[in-house]
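Here is the structure we will look at, set down as structure tokens.
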Amino acid sequence: MSYDFQAVETKWQKIWEERRCFEVEADPAKLKFYCLEMFPYPSGALHMGHVRNYSMGDMLTRFLRKKGLNVLYPMGFDAFGMPAENAAIKYKTKPHEWTWQNIEYMTTQLKRMGYSYDWRRRVESCNPNYYRWNQWLFLQMYKKGLVYRKYAPVNWCEPCGTVLANEQVVNGTCWRCNTPVVKKNLEQWFIKITDCAQELLDNIDSQLTGWPERVRIMQRNWIGRSEGARLSFEVDALGCTIEAFTTRFDTVYGITFIALAPEHELVKHMLEKLPSNQAQEMKDFVAKCAAQSAIERSAVGGEKQGFKTPFTGAHPVTGKPIPIWLANYILMDYGTGAIMGVPAHDQRDFEFCRKYGIEVIPVIQPAEAKNPLDGATMEAAFEDDGISCNSGQFDGLPTQEAIRKMIDWGESQGLCKREVNFRLRDWLISRQRYWGTPIPFVHCPRCGIVPVSEDQLPVLLPEDVTVTDVGRSPLLDMPEWLETPCPVCGGKAQREAETMDTFFCSSWYFERYCSPDAAASPFDPKDTNYWMPVDQYIGGIEHACLHLIYARFFTMFLSDIGLLPKGMREPFTNLLTQGMVIKDGAKMSKSLGNTVEPTEIVEKYGADTVRLFILFASPPQNDLDWSEQGVEGAHRFLSRVWRFVEENLEDLKKHAGEYVPMSSLTIPAQRDFKRKIHSTIFAVTRDIDEEKQFNTAIARLMELTNALYSFRPSEPADFKLRREGVDVLLNCLSPFSPHIAEELWGMLGNETLLSIVPWPVPEQEALAADFVIIVAQVNGKVRAKLTLPSGLNEAELRDAVMNDAQVKEKIAGKEIVKVIAVPEKLVNVVVKG
RNA sequence: GCGAGGGUGGCGGAAUCGGUAGACGCGUCAGACUUAGAAUCUGGUACUUCCAAGUGUAGGGGUUCAAAUCCCCUCCCUCGCACCA
């Protein structure tokens with residue numbers, strides 16, 4: 001009987017399902033482990049990136065289950081989003097139908113891979129029983145004051161026909177379609193994630209120690225905390241003040257201009273005060289800036305453009321009038337949208353001033369300067385620390401001290417106020433799309449924008465729609481859905497037709513997995529108290545500043561409103577970010593046409609082979625080069641395992657359970673083989689559990705297989721040992737390639753499923769070596785290798801090596817300076833002459 | 001520019017504490033089996049070299065009995081951030 005992987009795999013998948021092997025329940029008597037993978041978008045079919053992600057999770061899950069943990073391992077679908085709308089147009093179907101078809105198909109694909117999910121817990125975010133809780137949670141946030149509407153310049157992607165959150169703008173382009181985003185002034189829904197900015201930052205250090213350093217740094221930068229002060233300039237002509245934030249209050253004496261973002265609200269007031277020709281010029285400038293793309297506006301070294309207004313503001317300390325400019329490099333959405341311009345100590349301000357001939361006044365001198373800085377001749381801003389000058393009573397202070405003392409003084413004089421600013425912005429949550437969670441609000445001409453009452457949830461998304469034109473939500477053309485009585489006054493009102501960012505759905509799906517059927521709340525705290533937090537999360541690095549920030553915010557919110565325990569502030573204890581799957585030097589992607597379809601490769605080699613290859617070819621974090629030859633290698637290995645068991649089946653069956661302890665083995669070959677078996681257990685366990693280095697774990701199984709083939713049994717103990725070796729091999733192989741392991745295990749006459757057989761524990765005595773190879777070095781160069789009994793002390797080692805013929809020859813006639821002996825490892829003889 | 005992580009055979013990658021560099025696999029070469037092929041098996045495979053020996057972990061320097069590993073300098077690659085005041 002040859003290795004018929006198709007038959008074997010379908011057989012065991014059916015048995016596991018029938019026997020409900022992977023269904024779990026919360027059980028406080030058992031130690032839990034929650035293994036989570038980023039759930040896929042149901043795009044139509046699994047890709048190799050999914051296969052890699054889920055093969056890691058399943059291997060880990062199967063391993064931990066065998067180690068006796070109660071493991072929650074669920075799967076679901078992140079089912080709302082744009083592609084469904086595009087597909088609906090292309091294939092003349094409905095987003096709802098297309099999505100559900102894909103969900104069902106991809107579920108069969110996942111099952112075909114043999115992943116051990118508890119399928120009863122499948123969650124689909126487009127299912128009303130899920131998204132109703134999106135709406136409910138949104139209302140809870142609203143009640144907490146975390147939801148607000150704001151008219152603001154927002155990121156707009158034209159092809160997607162919708163706004164984007166800051167996190168979804170990558171290098172000035174849309175994260176999904178790479179089109180440069182433009183700014184549009186719109187009134188939009190926001191969630192105040194900035195309320196948690198400090199905690200999101202603090203917890204990175206205190207709680208996210210199980211995350212890759214890379215992701216922690218990315219989040220730290222994204223949140224971007226800076227400490228400084230806010231100061232204001234009186235603008236008499238307008239009867240108001242301009243506020244600005246600075247981290248360098250020590251440079252106030254160097255202010256030579258004030259600059260506002262072209263979108264600054266004061267611009268309106270200025271226009272009103274200006275004669276029409278001047279006003280027109282200013283409007284033109286503002287329009288020009290608005291037309292610049294985000295990339296042009298925000299590129300370092302990009303051309304700085306300004307417009308000098310006829311207004312001035314009073315210097316907060318000296319009272320001198322300072323000219324007010326509009327400048328394209330001032331960002332409206334950071335700080336106050338206005339800055340104090342200090343060209344001598346800020347490179348951007350410097351470039352601006354040189355271009356427009358504004359004065360440059362140094363107020364800091366480098367500590368060991370030969371020639372002091374001169375505002376007229378300096379060629380670049382001096383941004384380092386130095387010694388204050390031209391700063392009145394603060395002259396002579398080093399920068400850090402100057403910052404502290406000047407802010408202290410400024411605060412005491414009422415000139416400034418300490419302030420912390422974050423780069424993180426509030427989360428723009430609304431989307432002008434159809435296929436998403438309807439935002440549960442109603443626009444009433446009398447009562448304004450009012451929430452739908454909770455007992456009216458869910459606000460169902462109509463499923464029977466025709467999407468005709470990307471860019472206009474069909475909801476807008478459905479009066480029967482749109483028109484609704486106002487929840488407050490009962491009068492005629494209209495539903496909010498915008499939907500939620502799909503990242504809202506993915507911010508709490510892992511809690512829903514804990515109680516997928518909860519009907520009275522998003523999840524049952526009884527379940528989440530047991531299962532949460534997630535012990536191991538696995539997914540792509542691309543979510544470092546998207547999903548992984550939103551989900552953290554949600555957890556803090558859920559904890560605040562008491563759905564999660566007070567102390568549970570972080571959802572993911574350990575994070576593994578897997579590398580990409582590469583083929584022909586580039587990431588596998590449809591657009592490059594270099595994809596390999598999992599289904600095809602599974603048909604050709606089997607799921608066990610694909611899983612094994614994908615875990616063996618590269619360490620988890622690295623990119624993985626797809627190689628069909630590598631897949632064949634993995635297949636060859638599994639066939640070798642199969643053949644070994646099959647060819648020796650009758651004999652192996654005779655020795656079930658007859659393990660011989662190390663203590664009763666005397667023949668060196670037996671002792672070596674026994675040691676190989678147990679050191680394999682030891683190393684594989686450590687590689688998976690501690691090192692998360694699955695490729696080397698597999699290498700060790702290959703070594704054990706090679707050892708099984710070269711071990712030639714002759715006497716009874718040999719045969720017993722061989723059976724033990726096979727048992728260990730199959731047991732350790734089963735998390736990686738579970739079907740073949742299960743089949744061979746059954747062929748050996750076992751009744752119990754290997755999937756639930758405990759993971760082997762190495763026999764301590766079988767790990768210790770009888771003999772070790774001692775390297776004999778002369779002056780650090782290897783001259784001989786001696787096989788010596790294990791456990792020799794330094795003196796014994798030294799004697800053994802010094803008496804070795806080869807060593808003797810090498811050191812003959814030379815003066816011995818020193819001999820270093822490292823037990824169990826080496827002896828180095830240092831000689832002179 | 002700033003920040004992080006890297007650079008080891010033809011390739012993917014091994015190498016717990018500083019202690020045999022190249023585990024395991026791919027590829028490749030030679031042989032066995034075969035009418036032939038496929039499959040399988042055996043052996044070789046860092047470089048120079050007949051051997052002996054020497055040289056080798058991006059390059060240069062240092063610490064050490066001993067360095068892929070620690071320190072300094074240089075080069076290169078990948079990733080992230082990038083007018084954040």
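Letters A, B, ... mark the chains of the structure tokens in the order given; residue numbers begin at 1 per chain; ligand numbers begin at 1, in order shown.
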
Can you list, as a PyMOL selection string, every protein, DNA or RNA residue that comes within 12 Å of B:U69 when you count only C-alpha atoms (C1' of nucleotides), leaving out same-chain residues fewer than 4 positions away? chain B and resi 8+15-19+21+57

C-alpha atoms (C1' of nucleotides) of the current selection, written as an mmCIF file, in the first residue's frame:
```cif
data_model
loop_
_atom_site.group_PDB
_atom_site.id
_atom_site.type_symbol
_atom_site.label_atom_id
_atom_site.label_comp_id
_atom_site.auth_asym_id
_atom_site.auth_seq_id
_atom_site.Cartn_x
_atom_site.Cartn_y
_atom_site.Cartn_z
ATOM 1 C "C1'" U B 8 27.264 32.556 6.832
ATOM 2 C "C1'" A B 15 25.292 26.800 15.056
ATOM 3 C "C1'" U B 16 21.705 27.582 23.679
ATOM 4 C "C1'" C B 17 26.912 30.636 27.559
ATOM 5 C "C1'" G B 18 32.414 33.190 23.076
ATOM 6 C "C1'" G B 19 34.432 26.664 22.480
ATOM 7 C "C1'" A B 21 31.374 26.839 11.198
ATOM 8 C "C1'" U B 57 30.759 33.717 8.402
#
```

Applying 12 Å and only C-alpha atoms (C1' of nucleotides), which residues near A:Lys11 remain after dropping the ones on its own chain fewer than 2 positions away? List them as a list in words. Asp4, Phe5, Gln6, Ala7, Val8, Glu9, Gln13, Lys14, Ile15, Trp16, Glu17, Glu18, Arg112, Gly114, Pro738, His739, Ile740, Glu742, Glu743 and Gly746 of chain A

Could you tell me how far atom CA of A:Asp384 lies from atom CA of A:Gly396, in Å and to one decimal?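 So the two atoms, atom CA of A:Asp384 and atom CA of A:Gly396, lie 15.3 Å apart.
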
May I have a table of the residues of chain A lying at most 8 Å from chain B, giving each one's closest pair of atoms and their distance in Å to one decimal, counting only C-alpha atoms (C1' of nucleotides), ordered by chain and ascending residue number, as a Markdown table?
```
| residue | atom | partner | partner_atom | distance |
| --- | --- | --- | --- | --- |
| A:Arg214 | CA | B:A4 | C1' | 6.5 |
| A:Ile217 | CA | B:A4 | C1' | 7.8 |
| A:Met218 | CA | B:G80 | C1' | 6.5 |
| A:Asn221 | CA | B:C81 | C1' | 7.1 |
| A:Gly224 | CA | B:C84 | C1' | 7.9 |
| A:Phe245 | CA | B:A85 | C1' | 6.7 |
| A:Thr246 | CA | B:A85 | C1' | 5.7 |
| A:Thr247 | CA | B:A85 | C1' | 7.2 |
| A:Ser298 | CA | B:C83 | C1' | 5.8 |
| A:Ala299 | CA | B:C83 | C1' | 6.3 |
| A:Val300 | CA | B:C83 | C1' | 5.1 |
| A:Gly301 | CA | B:C83 | C1' | 7.2 |
| A:Gly302 | CA | B:C83 | C1' | 7.7 |
| A:Tyr329 | CA | B:C83 | C1' | 5.6 |
| A:Ile330 | CA | B:C83 | C1' | 7.6 |
| A:Tyr334 | CA | B:C84 | C1' | 6.2 |
| A:Gly335 | CA | B:A85 | C1' | 7.9 |
| A:Ile339 | CA | B:A85 | C1' | 6.0 |
| A:Met340 | CA | B:A85 | C1' | 7.7 |
| A:Arg348 | CA | B:C83 | C1' | 6.5 |
| A:Arg423 | CA | B:C84 | C1' | 6.1 |
| A:Ala617 | CA | B:G12 | C1' | 6.1 |
| A:Ser618 | CA | B:G12 | C1' | 6.7 |
| A:Asp625 | CA | B:G12 | C1' | 7.4 |
| A:Gln629 | CA | B:C26 | C1' | 6.6 |
| A:Gly630 | CA | B:C26 | C1' | 5.8 |
| A:Gly633 | CA | B:G25 | C1' | 7.0 |
| A:Thr696 | CA | B:C24 | C1' | 7.3 |
| A:Ile698 | CA | B:C24 | C1' | 8.0 |
| A:Ala699 | CA | B:C24 | C1' | 4.4 |
| A:Arg700 | CA | B:C24 | C1' | 7.2 |
| A:Met702 | CA | B:C24 | C1' | 7.0 |
| A:Glu703 | CA | B:C24 | C1' | 7.3 |
| A:Val775 | CA | B:U20 | C1' | 6.4 |
| A:Asn779 | CA | B:C65 | C1' | 7.0 |
| A:Gly780 | CA | B:A66 | C1' | 5.7 |
| A:Val782 | CA | B:U20 | C1' | 7.4 |
| A:Lys818 | CA | B:C65 | C1' | 7.4 |
| A:Val819 | CA | B:C65 | C1' | 7.6 |
| A:Ile820 | CA | B:C65 | C1' | 6.6 |
| A:Val822 | CA | B:G19 | C1' | 7.8 |
| A:Lys825 | CA | B:G19 | C1' | 6.7 |
| A:Leu826 | CA | B:G19 | C1' | 6.7 |
| A:Asn828 | CA | B:C65 | C1' | 6.7 |
| A:Val829 | CA | B:C65 | C1' | 7.6 |
| A:Val830 | CA | B:C65 | C1' | 6.2 |
```

Write out as an NGL selection string all residues of stretch 56-158 of chain A that backbone DSSP assigns to alpha helix (DSSP H). :A and (56-66 or 82-90 or 95-112 or 128-143)

Residues at most 10 Å from B:U45, counting only C-alpha atoms (C1' of nucleotides), excluding those fewer than 2 positions away in the same chain, as a short mmCIF file (atom, residue, chain, number, x, y, z; two decimals) with C-alpha atoms (C1' of nucleotides), in the first residue's frame?
```
data_model
loop_
_atom_site.label_atom_id
_atom_site.label_comp_id
_atom_site.auth_asym_id
_atom_site.auth_seq_id
_atom_site.Cartn_x
_atom_site.Cartn_y
_atom_site.Cartn_z
"C1'" G B 9 28.35 27.32 0.63
"C1'" U B 28 24.47 19.02 -8.00
"C1'" C B 29 28.24 15.01 -8.97
#
```

Considering only C-alpha atoms (C1' of nucleotides), return as a list in words whatever protein or nucleic-acid residues lie within 8 Å of A:Ala634, sequence-local ones (same chain, fewer than 5 positions apart) excluded.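 The contact residues come out as Thr609, Val610, Leu612 and Phe613 of chain A.
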